file target.txt (compact mmCIF, N, CA and C atoms)
# COMPACT_ATOMS: atom_id res chain seq x y z
N MET A 1 -1.81 -10.01 -4.55
CA MET A 1 -0.81 -9.37 -3.73
C MET A 1 0.56 -9.86 -4.18
N ILE A 2 1.52 -8.96 -4.12
CA ILE A 2 2.91 -9.29 -4.44
C ILE A 2 3.77 -8.77 -3.29
N ILE A 3 4.71 -9.57 -2.87
CA ILE A 3 5.70 -9.17 -1.86
C ILE A 3 7.06 -9.45 -2.46
N ASP A 4 7.97 -8.45 -2.39
CA ASP A 4 9.29 -8.67 -2.97
C ASP A 4 10.26 -7.62 -2.43
N ALA A 5 11.51 -7.77 -2.83
CA ALA A 5 12.55 -6.78 -2.52
C ALA A 5 12.54 -5.71 -3.60
N LEU A 6 12.77 -4.47 -3.21
CA LEU A 6 12.78 -3.36 -4.16
C LEU A 6 13.78 -3.60 -5.29
N LYS A 7 14.93 -4.18 -4.97
CA LYS A 7 15.95 -4.43 -5.99
C LYS A 7 15.50 -5.47 -7.02
N ASP A 8 14.45 -6.21 -6.70
CA ASP A 8 13.94 -7.25 -7.60
C ASP A 8 12.54 -6.91 -8.13
N SER A 9 12.29 -5.65 -8.40
CA SER A 9 10.94 -5.19 -8.75
C SER A 9 10.55 -5.42 -10.21
N GLU A 10 11.43 -5.94 -11.03
CA GLU A 10 11.17 -6.03 -12.46
C GLU A 10 9.88 -6.79 -12.80
N LEU A 11 9.62 -7.90 -12.15
CA LEU A 11 8.40 -8.66 -12.44
C LEU A 11 7.17 -7.84 -12.10
N ALA A 12 7.17 -7.21 -10.94
CA ALA A 12 6.03 -6.38 -10.55
C ALA A 12 5.85 -5.23 -11.52
N GLU A 13 6.94 -4.65 -11.99
CA GLU A 13 6.87 -3.53 -12.93
C GLU A 13 6.14 -3.90 -14.21
N SER A 14 6.18 -5.16 -14.58
CA SER A 14 5.57 -5.60 -15.84
C SER A 14 4.06 -5.79 -15.74
N LEU A 15 3.50 -5.69 -14.55
CA LEU A 15 2.08 -5.99 -14.37
C LEU A 15 1.14 -4.82 -14.67
N HIS A 16 1.66 -3.62 -14.71
CA HIS A 16 0.84 -2.43 -15.02
C HIS A 16 1.77 -1.38 -15.62
N PRO A 17 1.32 -0.67 -16.63
CA PRO A 17 2.20 0.31 -17.29
C PRO A 17 2.77 1.38 -16.34
N ALA A 18 2.07 1.72 -15.28
CA ALA A 18 2.55 2.77 -14.38
C ALA A 18 3.44 2.25 -13.24
N PHE A 19 3.50 0.95 -13.04
CA PHE A 19 4.29 0.43 -11.92
C PHE A 19 5.77 0.78 -12.08
N LYS A 20 6.31 0.69 -13.28
CA LYS A 20 7.74 1.01 -13.48
C LYS A 20 8.03 2.45 -13.08
N MET A 21 7.12 3.36 -13.41
CA MET A 21 7.28 4.76 -13.03
C MET A 21 7.41 4.90 -11.50
N VAL A 22 6.57 4.18 -10.78
CA VAL A 22 6.62 4.23 -9.31
C VAL A 22 7.94 3.67 -8.80
N PHE A 23 8.31 2.50 -9.27
CA PHE A 23 9.55 1.88 -8.78
C PHE A 23 10.78 2.71 -9.15
N ASP A 24 10.81 3.26 -10.34
CA ASP A 24 11.95 4.12 -10.72
C ASP A 24 12.04 5.32 -9.79
N TYR A 25 10.91 5.92 -9.46
CA TYR A 25 10.92 7.09 -8.58
C TYR A 25 11.41 6.71 -7.18
N VAL A 26 10.85 5.65 -6.63
CA VAL A 26 11.22 5.23 -5.27
C VAL A 26 12.70 4.88 -5.20
N LYS A 27 13.23 4.23 -6.22
CA LYS A 27 14.64 3.85 -6.23
C LYS A 27 15.58 5.04 -6.39
N SER A 28 15.12 6.12 -6.99
CA SER A 28 16.00 7.24 -7.31
C SER A 28 15.83 8.46 -6.41
N HIS A 29 14.96 8.37 -5.40
CA HIS A 29 14.74 9.49 -4.48
C HIS A 29 14.87 9.03 -3.03
N ASP A 30 15.37 9.90 -2.18
CA ASP A 30 15.52 9.60 -0.75
C ASP A 30 14.23 9.96 -0.02
N LEU A 31 13.28 9.04 -0.02
CA LEU A 31 12.00 9.28 0.61
C LEU A 31 12.08 9.20 2.14
N LEU A 32 13.09 8.55 2.66
CA LEU A 32 13.26 8.47 4.11
C LEU A 32 13.55 9.84 4.71
N HIS A 33 14.36 10.64 4.02
CA HIS A 33 14.77 11.94 4.56
C HIS A 33 14.09 13.12 3.90
N GLY A 34 13.27 12.88 2.89
CA GLY A 34 12.57 13.96 2.20
C GLY A 34 11.34 14.42 2.97
N GLU A 35 10.60 15.30 2.35
CA GLU A 35 9.40 15.85 2.97
C GLU A 35 8.27 14.84 2.96
N LEU A 36 7.38 14.99 3.95
CA LEU A 36 6.16 14.21 3.98
C LEU A 36 5.17 14.82 3.00
N GLY A 37 4.22 14.02 2.55
CA GLY A 37 3.16 14.54 1.70
C GLY A 37 3.05 13.80 0.38
N ARG A 38 2.28 14.42 -0.49
CA ARG A 38 1.93 13.81 -1.77
C ARG A 38 2.92 14.21 -2.86
N ILE A 39 3.31 13.21 -3.64
CA ILE A 39 4.19 13.41 -4.80
C ILE A 39 3.40 12.93 -6.02
N GLU A 40 3.08 13.85 -6.91
CA GLU A 40 2.31 13.48 -8.10
C GLU A 40 3.25 13.04 -9.21
N LEU A 41 3.02 11.85 -9.72
CA LEU A 41 3.79 11.34 -10.84
C LEU A 41 2.99 11.43 -12.14
N ASP A 42 1.67 11.26 -12.04
CA ASP A 42 0.77 11.40 -13.19
C ASP A 42 -0.61 11.80 -12.69
N GLY A 43 -0.67 12.96 -12.04
CA GLY A 43 -1.94 13.48 -11.53
C GLY A 43 -2.65 12.50 -10.63
N GLU A 44 -3.94 12.32 -10.88
CA GLU A 44 -4.75 11.40 -10.07
C GLU A 44 -4.52 9.93 -10.47
N ASN A 45 -3.80 9.70 -11.54
CA ASN A 45 -3.57 8.33 -12.00
C ASN A 45 -2.47 7.62 -11.24
N VAL A 46 -1.42 8.35 -10.86
CA VAL A 46 -0.28 7.76 -10.15
C VAL A 46 0.30 8.81 -9.22
N TYR A 47 0.31 8.51 -7.93
CA TYR A 47 0.94 9.41 -6.97
C TYR A 47 1.45 8.61 -5.78
N ILE A 48 2.29 9.25 -5.00
CA ILE A 48 2.88 8.63 -3.81
C ILE A 48 2.60 9.52 -2.61
N ASN A 49 2.14 8.93 -1.53
CA ASN A 49 2.01 9.63 -0.26
C ASN A 49 3.12 9.15 0.66
N VAL A 50 3.94 10.08 1.16
CA VAL A 50 4.95 9.75 2.15
C VAL A 50 4.38 10.20 3.50
N VAL A 51 4.23 9.24 4.42
CA VAL A 51 3.56 9.51 5.69
C VAL A 51 4.38 8.98 6.86
N GLU A 52 4.11 9.55 8.03
CA GLU A 52 4.62 9.03 9.29
C GLU A 52 3.42 8.74 10.18
N THR A 53 3.48 7.63 10.87
CA THR A 53 2.39 7.24 11.75
C THR A 53 2.96 6.38 12.87
N GLU A 54 2.19 6.18 13.90
CA GLU A 54 2.56 5.26 14.98
C GLU A 54 2.06 3.87 14.64
N GLY A 55 2.88 2.88 14.90
CA GLY A 55 2.46 1.50 14.68
C GLY A 55 1.33 1.14 15.62
N LYS A 56 0.55 0.15 15.22
CA LYS A 56 -0.58 -0.29 16.04
C LYS A 56 -0.53 -1.80 16.25
N ASP A 57 -1.22 -2.24 17.27
CA ASP A 57 -1.32 -3.65 17.61
C ASP A 57 -2.19 -4.38 16.58
N LYS A 58 -1.96 -5.67 16.41
CA LYS A 58 -2.78 -6.47 15.48
C LYS A 58 -4.27 -6.31 15.77
N SER A 59 -4.62 -6.22 17.04
CA SER A 59 -6.05 -6.14 17.41
C SER A 59 -6.67 -4.82 16.96
N ALA A 60 -5.88 -3.80 16.72
CA ALA A 60 -6.39 -2.50 16.27
C ALA A 60 -6.36 -2.36 14.75
N ALA A 61 -5.75 -3.30 14.06
CA ALA A 61 -5.64 -3.23 12.60
C ALA A 61 -6.97 -3.59 11.95
N VAL A 62 -7.38 -2.80 10.98
CA VAL A 62 -8.65 -3.01 10.29
C VAL A 62 -8.37 -3.24 8.81
N LEU A 63 -8.93 -4.31 8.29
CA LEU A 63 -8.75 -4.62 6.87
C LEU A 63 -9.47 -3.59 6.01
N GLU A 64 -8.84 -3.23 4.90
CA GLU A 64 -9.41 -2.25 3.98
C GLU A 64 -9.28 -2.78 2.56
N THR A 65 -10.13 -2.27 1.68
CA THR A 65 -10.02 -2.55 0.25
C THR A 65 -10.19 -1.25 -0.53
N HIS A 66 -9.72 -1.26 -1.76
CA HIS A 66 -9.85 -0.13 -2.68
C HIS A 66 -10.41 -0.66 -3.99
N ASP A 67 -11.27 0.12 -4.63
CA ASP A 67 -11.85 -0.29 -5.91
C ASP A 67 -11.11 0.29 -7.10
N GLU A 68 -10.64 1.53 -6.97
CA GLU A 68 -10.07 2.26 -8.10
C GLU A 68 -8.55 2.14 -8.23
N TYR A 69 -7.87 1.94 -7.11
CA TYR A 69 -6.41 2.00 -7.09
C TYR A 69 -5.79 0.72 -6.54
N ALA A 70 -4.59 0.43 -7.03
CA ALA A 70 -3.70 -0.54 -6.39
C ALA A 70 -2.78 0.25 -5.47
N ASP A 71 -2.43 -0.31 -4.34
CA ASP A 71 -1.46 0.27 -3.41
C ASP A 71 -0.13 -0.44 -3.58
N ILE A 72 0.95 0.32 -3.62
CA ILE A 72 2.28 -0.26 -3.49
C ILE A 72 2.87 0.38 -2.24
N GLN A 73 3.12 -0.42 -1.23
CA GLN A 73 3.54 0.11 0.06
C GLN A 73 5.00 -0.24 0.33
N PHE A 74 5.74 0.79 0.77
CA PHE A 74 7.18 0.70 0.99
C PHE A 74 7.51 1.16 2.41
N PRO A 75 7.85 0.28 3.34
CA PRO A 75 8.34 0.77 4.63
C PRO A 75 9.69 1.46 4.43
N LEU A 76 9.87 2.60 5.07
CA LEU A 76 11.10 3.37 4.87
C LEU A 76 12.00 3.42 6.10
N LEU A 77 11.43 3.47 7.29
CA LEU A 77 12.19 3.70 8.51
C LEU A 77 12.44 2.42 9.30
N SER A 78 11.44 1.57 9.38
CA SER A 78 11.52 0.38 10.22
C SER A 78 10.63 -0.70 9.63
N GLU A 79 10.68 -1.87 10.23
CA GLU A 79 9.83 -2.94 9.73
C GLU A 79 8.37 -2.60 9.95
N GLU A 80 7.53 -3.19 9.12
CA GLU A 80 6.09 -2.98 9.22
C GLU A 80 5.40 -4.30 8.93
N THR A 81 4.43 -4.63 9.76
CA THR A 81 3.65 -5.84 9.57
C THR A 81 2.33 -5.47 8.91
N PHE A 82 1.88 -6.34 8.03
CA PHE A 82 0.62 -6.16 7.31
C PHE A 82 -0.25 -7.38 7.56
N ALA A 83 -1.56 -7.16 7.54
CA ALA A 83 -2.53 -8.25 7.55
C ALA A 83 -3.12 -8.35 6.16
N TRP A 84 -3.53 -9.55 5.76
CA TRP A 84 -4.11 -9.75 4.45
C TRP A 84 -5.23 -10.78 4.52
N LYS A 85 -6.25 -10.55 3.70
CA LYS A 85 -7.30 -11.55 3.48
C LYS A 85 -7.91 -11.25 2.12
N SER A 86 -8.18 -12.28 1.36
CA SER A 86 -8.79 -12.10 0.04
C SER A 86 -10.12 -11.38 0.17
N ARG A 87 -10.34 -10.43 -0.71
CA ARG A 87 -11.60 -9.68 -0.69
C ARG A 87 -12.80 -10.62 -0.81
N SER A 88 -12.65 -11.71 -1.54
CA SER A 88 -13.76 -12.65 -1.71
C SER A 88 -14.18 -13.30 -0.39
N GLY A 89 -13.30 -13.28 0.61
CA GLY A 89 -13.62 -13.85 1.91
C GLY A 89 -14.05 -12.83 2.95
N LEU A 90 -14.09 -11.55 2.59
CA LEU A 90 -14.50 -10.51 3.53
C LEU A 90 -16.02 -10.44 3.58
N GLU A 91 -16.56 -10.55 4.79
CA GLU A 91 -18.02 -10.62 4.95
C GLU A 91 -18.59 -9.55 5.87
N ASN A 92 -17.77 -8.96 6.72
CA ASN A 92 -18.27 -8.07 7.77
C ASN A 92 -17.84 -6.64 7.52
N ILE A 93 -18.70 -5.87 6.87
CA ILE A 93 -18.39 -4.48 6.55
C ILE A 93 -18.44 -3.64 7.82
N LYS A 94 -17.34 -2.95 8.08
CA LYS A 94 -17.28 -2.03 9.22
C LYS A 94 -17.68 -0.62 8.78
N GLU A 95 -17.15 -0.20 7.62
CA GLU A 95 -17.53 1.08 7.00
C GLU A 95 -17.68 0.83 5.51
N ALA A 96 -18.85 1.15 4.99
CA ALA A 96 -19.16 0.93 3.57
C ALA A 96 -18.20 1.73 2.69
N TYR A 97 -18.12 1.33 1.46
CA TYR A 97 -17.23 1.96 0.49
C TYR A 97 -17.48 3.45 0.39
N ASN A 98 -16.41 4.22 0.50
CA ASN A 98 -16.43 5.67 0.35
C ASN A 98 -15.73 5.97 -0.97
N ALA A 99 -16.50 6.36 -1.98
CA ALA A 99 -15.95 6.58 -3.32
C ALA A 99 -14.95 7.73 -3.34
N LYS A 100 -15.18 8.77 -2.55
CA LYS A 100 -14.26 9.92 -2.53
C LYS A 100 -12.86 9.50 -2.09
N ASP A 101 -12.78 8.64 -1.08
CA ASP A 101 -11.48 8.19 -0.56
C ASP A 101 -11.08 6.82 -1.09
N ASP A 102 -11.93 6.20 -1.92
CA ASP A 102 -11.68 4.89 -2.49
C ASP A 102 -11.29 3.87 -1.43
N ILE A 103 -12.16 3.71 -0.42
CA ILE A 103 -11.83 2.78 0.65
C ILE A 103 -13.08 2.24 1.32
N ALA A 104 -13.02 0.99 1.70
CA ALA A 104 -14.02 0.33 2.55
C ALA A 104 -13.26 -0.39 3.64
N PHE A 105 -13.88 -0.52 4.81
CA PHE A 105 -13.25 -1.19 5.95
C PHE A 105 -14.09 -2.39 6.38
N TYR A 106 -13.39 -3.41 6.90
CA TYR A 106 -14.02 -4.66 7.29
C TYR A 106 -13.55 -5.07 8.68
N SER A 107 -14.43 -5.74 9.41
CA SER A 107 -14.06 -6.21 10.75
C SER A 107 -13.67 -7.69 10.76
N ASP A 108 -13.51 -8.29 9.60
CA ASP A 108 -13.08 -9.69 9.51
C ASP A 108 -11.68 -9.86 10.09
N VAL A 109 -11.38 -11.08 10.48
CA VAL A 109 -10.04 -11.42 10.96
C VAL A 109 -9.17 -11.76 9.75
N ALA A 110 -7.96 -11.28 9.76
CA ALA A 110 -7.03 -11.53 8.65
C ALA A 110 -6.69 -13.02 8.57
N GLY A 111 -6.36 -13.44 7.37
CA GLY A 111 -5.94 -14.83 7.15
C GLY A 111 -4.44 -15.00 7.15
N LEU A 112 -3.70 -13.86 7.03
CA LEU A 112 -2.25 -13.92 6.90
C LEU A 112 -1.64 -12.63 7.45
N TYR A 113 -0.52 -12.77 8.13
CA TYR A 113 0.28 -11.62 8.56
C TYR A 113 1.69 -11.80 8.03
N PHE A 114 2.30 -10.71 7.58
CA PHE A 114 3.67 -10.77 7.12
C PHE A 114 4.34 -9.44 7.44
N THR A 115 5.66 -9.48 7.55
CA THR A 115 6.43 -8.30 7.94
C THR A 115 7.42 -7.96 6.83
N LEU A 116 7.44 -6.66 6.47
CA LEU A 116 8.39 -6.14 5.50
C LEU A 116 9.43 -5.28 6.19
N GLN A 117 10.62 -5.29 5.63
CA GLN A 117 11.72 -4.45 6.08
C GLN A 117 11.88 -3.31 5.08
N PRO A 118 12.53 -2.21 5.47
CA PRO A 118 12.89 -1.21 4.47
C PRO A 118 13.65 -1.89 3.33
N GLY A 119 13.35 -1.47 2.10
CA GLY A 119 13.96 -2.12 0.94
C GLY A 119 13.08 -3.22 0.36
N GLU A 120 11.92 -3.45 0.97
CA GLU A 120 10.95 -4.41 0.46
C GLU A 120 9.64 -3.67 0.16
N PHE A 121 8.73 -4.34 -0.52
CA PHE A 121 7.45 -3.71 -0.85
C PHE A 121 6.35 -4.75 -0.94
N ALA A 122 5.13 -4.26 -0.89
CA ALA A 122 3.95 -5.09 -1.13
C ALA A 122 3.03 -4.35 -2.08
N VAL A 123 2.48 -5.08 -3.04
CA VAL A 123 1.48 -4.53 -3.96
C VAL A 123 0.14 -5.15 -3.57
N PHE A 124 -0.83 -4.29 -3.31
CA PHE A 124 -2.18 -4.73 -3.00
C PHE A 124 -3.11 -4.28 -4.12
N PHE A 125 -3.77 -5.25 -4.74
CA PHE A 125 -4.71 -4.98 -5.81
C PHE A 125 -6.12 -4.86 -5.22
N PRO A 126 -7.12 -4.44 -6.00
CA PRO A 126 -8.46 -4.31 -5.45
C PRO A 126 -9.02 -5.59 -4.81
N GLN A 127 -8.54 -6.75 -5.19
CA GLN A 127 -9.03 -7.99 -4.58
C GLN A 127 -8.35 -8.34 -3.26
N ASP A 128 -7.40 -7.49 -2.82
CA ASP A 128 -6.64 -7.77 -1.60
C ASP A 128 -7.11 -6.92 -0.44
N GLY A 129 -7.76 -7.56 0.52
CA GLY A 129 -8.04 -6.88 1.79
C GLY A 129 -6.72 -6.80 2.54
N HIS A 130 -6.40 -5.63 3.09
CA HIS A 130 -5.12 -5.48 3.77
C HIS A 130 -5.23 -4.48 4.91
N ALA A 131 -4.41 -4.68 5.92
CA ALA A 131 -4.34 -3.79 7.08
C ALA A 131 -2.87 -3.46 7.30
N PRO A 132 -2.47 -2.21 7.04
CA PRO A 132 -1.07 -1.80 7.20
C PRO A 132 -0.78 -1.29 8.60
N CYS A 133 0.47 -0.91 8.80
CA CYS A 133 0.93 -0.17 9.99
C CYS A 133 0.85 -0.95 11.29
N ILE A 134 1.03 -2.25 11.21
CA ILE A 134 1.07 -3.06 12.44
C ILE A 134 2.52 -3.10 12.90
N GLY A 135 2.73 -2.72 14.15
CA GLY A 135 4.08 -2.70 14.70
C GLY A 135 4.16 -1.73 15.86
N THR A 136 5.37 -1.42 16.27
CA THR A 136 5.56 -0.51 17.40
C THR A 136 6.41 0.68 16.98
N GLY A 137 6.16 1.80 17.63
CA GLY A 137 6.96 2.98 17.39
C GLY A 137 6.56 3.72 16.13
N LYS A 138 7.39 4.73 15.82
CA LYS A 138 7.12 5.57 14.66
C LYS A 138 7.45 4.82 13.38
N MET A 139 6.56 4.95 12.42
CA MET A 139 6.76 4.35 11.09
C MET A 139 6.75 5.47 10.06
N ARG A 140 7.64 5.36 9.11
CA ARG A 140 7.63 6.25 7.94
C ARG A 140 7.53 5.33 6.74
N LYS A 141 6.63 5.66 5.84
CA LYS A 141 6.40 4.79 4.70
C LYS A 141 5.96 5.59 3.50
N ALA A 142 6.11 4.98 2.33
CA ALA A 142 5.59 5.54 1.09
C ALA A 142 4.48 4.61 0.61
N ILE A 143 3.38 5.24 0.21
CA ILE A 143 2.23 4.49 -0.31
C ILE A 143 1.97 5.03 -1.72
N ALA A 144 2.27 4.23 -2.71
CA ALA A 144 1.99 4.62 -4.09
C ALA A 144 0.57 4.18 -4.42
N LYS A 145 -0.16 5.06 -5.09
CA LYS A 145 -1.51 4.77 -5.55
C LYS A 145 -1.50 4.77 -7.07
N VAL A 146 -1.88 3.65 -7.66
CA VAL A 146 -1.89 3.51 -9.12
C VAL A 146 -3.32 3.19 -9.54
N LYS A 147 -3.89 4.06 -10.34
CA LYS A 147 -5.28 3.87 -10.77
C LYS A 147 -5.37 2.64 -11.66
N ILE A 148 -6.23 1.73 -11.27
CA ILE A 148 -6.45 0.48 -12.00
C ILE A 148 -7.65 0.64 -12.93
N LYS A 149 -8.72 1.25 -12.41
CA LYS A 149 -9.93 1.48 -13.21
C LYS A 149 -9.89 2.88 -13.77
N ARG A 150 -10.05 3.01 -15.05
CA ARG A 150 -10.04 4.34 -15.68
C ARG A 150 -11.37 4.63 -16.31
call {"tool": "encode", "arguments": {"input": "target.txt", "output": "structure tokens"}}
result
Amino acid sequence: MIIDALKDSELAESLHPAFKMVFDYVKSHDLLHGELGRIELDGENVYINVVETEGKDKSAAVLETHDEYADIQFPLLSEETFAWKSRSGLENIKEAYNAKDDIAFYSDVAGLYFTLQPGEFAVFFPQDGHAPCIGTGKMRKAIAKVKIKR
């Protein structure tokens, strides 16, 4: 997992060939005021989902993992809290891996909580169990999906 400010994304950009494409797009487009939905940068290999959702309480947050994609999550409207736990420590499967949606859910308790502000981001790799959207009120965010396994 990586947590940083968007203006300082250079190190994260160097970790995967497609990360720079994502950061360049996010920095050069107004995702806060643009349309909701999917933005394809490289077909199924790299895309961004801009979504709005209601924040949820920590007790309602469920840890998830992905096998095929890394997530880069950008809060756009307000702060957002995330839960994290290493995949190697996840033991209680709530919903088995769904290959179509590239997601599995776990009922384990998170080991760490952190809050991001607009202008910050978090990168979650397949080894990172994470639970997004913890907070109150309406949240608008961008979730970039970068295919790790080809």
call {"tool": "atom_distance", "arguments": {"input": "target.txt", "atom1": "CA of Phe82 (chain A)", "atom2": "atom C of Met1 (chain A)"}}
result
12.1 Å
call {"tool": "closest_residue", "arguments": {"input": "target.txt", "among": "A:Ile134, A:Ile93, A:Val26, A:Val50", "to": "Tyr106 (chain A)", "atoms": "only N, CA and C atoms"}}
result
A:Ile93
call {"tool": "residues_around", "arguments": {"input": "target.txt", "residues": "region 3-12 of chain A", "least_positions_apart": "3", "cutoff": "7 Å", "atoms": "all atoms listed in the file", "output": "ChimeraX atom specification"}}
result
/A:15-16,19-20,119-123
call {"tool": "residues_around", "arguments": {"input": "target.txt", "residues": "Asp42 (chain A)", "least_positions_apart": "2", "cutoff": "12 Å", "atoms": "only C-alpha atoms", "output": "list in words"}}
result
Pro17, Ala18, Phe19, Met21, Val22, Tyr25, Arg38, Ile39, Glu40, Glu44, Asn45, Val46, Tyr47, Ile48, Ala144, Lys145, Val146 and Lys147 of chain A
call {"tool": "select_by_dssp", "arguments": {"input": "target.txt", "residues": "chain A", "states": "alpha helix (DSSP H)", "output": "list in words"}}
result
Glu10, Leu11, Ala12, Glu13, Phe19, Lys20, Met21, Val22, Phe23, Asp24, Tyr25, Val26, Lys27 and Ser28 of chain A
call {"tool": "closest_residue", "arguments": {"input": "target.txt", "among": "A:Pro132, A:Thr65, A:Phe23, A:Ser14", "to": "Phe105 (chain A)", "atoms": "only N, CA and C atoms"}}
result
A:Thr65
call {"tool": "atom_distance", "arguments": {"input": "target.txt", "atom1": "atom C of Asp108 (chain A)", "atom2": "CA of Leu76 (chain A)"}}
result
26.9 Å
call {"tool": "atom_distance", "arguments": {"input": "target.txt", "atom1": "CA of Val51 (chain A)", "atom2": "CA of Asn92 (chain A)"}}
result
28.1 Å
call {"tool": "closest_residue", "arguments": {"input": "target.txt", "among": "A:Ile148, A:Lys27, A:His66, A:Ser59", "to": "Ala104 (chain A)", "atoms": "all atoms listed in the file"}}
result
A:His66
call {"tool": "residues_around", "arguments": {"input": "target.txt", "residues": "Leu116 (chain A)", "least_positions_apart": "4", "cutoff": "5 Å", "atoms": "all atoms listed in the file", "output": "PDB file with N, CA and C atoms, keeping the file's coordinate frame"}}
result
ATOM      1  N   GLU A  79      10.680  -1.870  10.230  1.00  0.00           N
ATOM      2  CA  GLU A  79       9.830  -2.940   9.730  1.00  0.00           C
ATOM      3  C   GLU A  79       8.370  -2.600   9.950  1.00  0.00           C
ATOM      4  N   GLU A  80       7.530  -3.190   9.120  1.00  0.00           N
ATOM      5  CA  GLU A  80       6.090  -2.980   9.220  1.00  0.00           C
ATOM      6  C   GLU A  80       5.400  -4.300   8.930  1.00  0.00           C
ATOM      7  N   THR A  81       4.430  -4.630   9.760  1.00  0.00           N
ATOM      8  CA  THR A  81       3.650  -5.840   9.570  1.00  0.00           C
ATOM      9  C   THR A  81       2.330  -5.470   8.910  1.00  0.00           C
TER      10      THR A  81
END
call {"tool": "closest_residue", "arguments": {"input": "target.txt", "among": "A:Ser28, A:Thr115, A:Gln127, A:Thr136", "to": "Ala83 (chain A)", "atoms": "all atoms listed in the file"}}
result
A:Thr115
call {"tool": "select_by_dssp", "arguments": {"input": "target.txt", "residues": "chain A", "states": "strand (DSSP E or B)", "output": "PyMOL selection string"}}
result
chain A and resi 2-5+37-42+44+46-54+56+63-65+69-75+80-86+93-98+103-106+112-116+120-124+128-134+138-147
call {"tool": "closest_residue", "arguments": {"input": "target.txt", "among": "A:Phe74, A:Trp84, A:Tyr69, A:Phe125", "to": "Ala110 (chain A)", "atoms": "only C-alpha atoms"}}
result
A:Trp84
call {"tool": "closest_residue", "arguments": {"input": "target.txt", "among": "A:Gly111, A:Asp24, A:Lys149, A:Leu31", "to": "Leu77 (chain A)", "atoms": "all atoms listed in the file"}}
result
A:Leu31
call {"tool": "residues_around", "arguments": {"input": "target.txt", "residues": "Ser86 (chain A)", "least_positions_apart": "4", "cutoff": "6 Å", "atoms": "all atoms listed in the file", "output": "list in words"}}
result
Leu90, Gln127, Asp128 and Gly129 of chain A
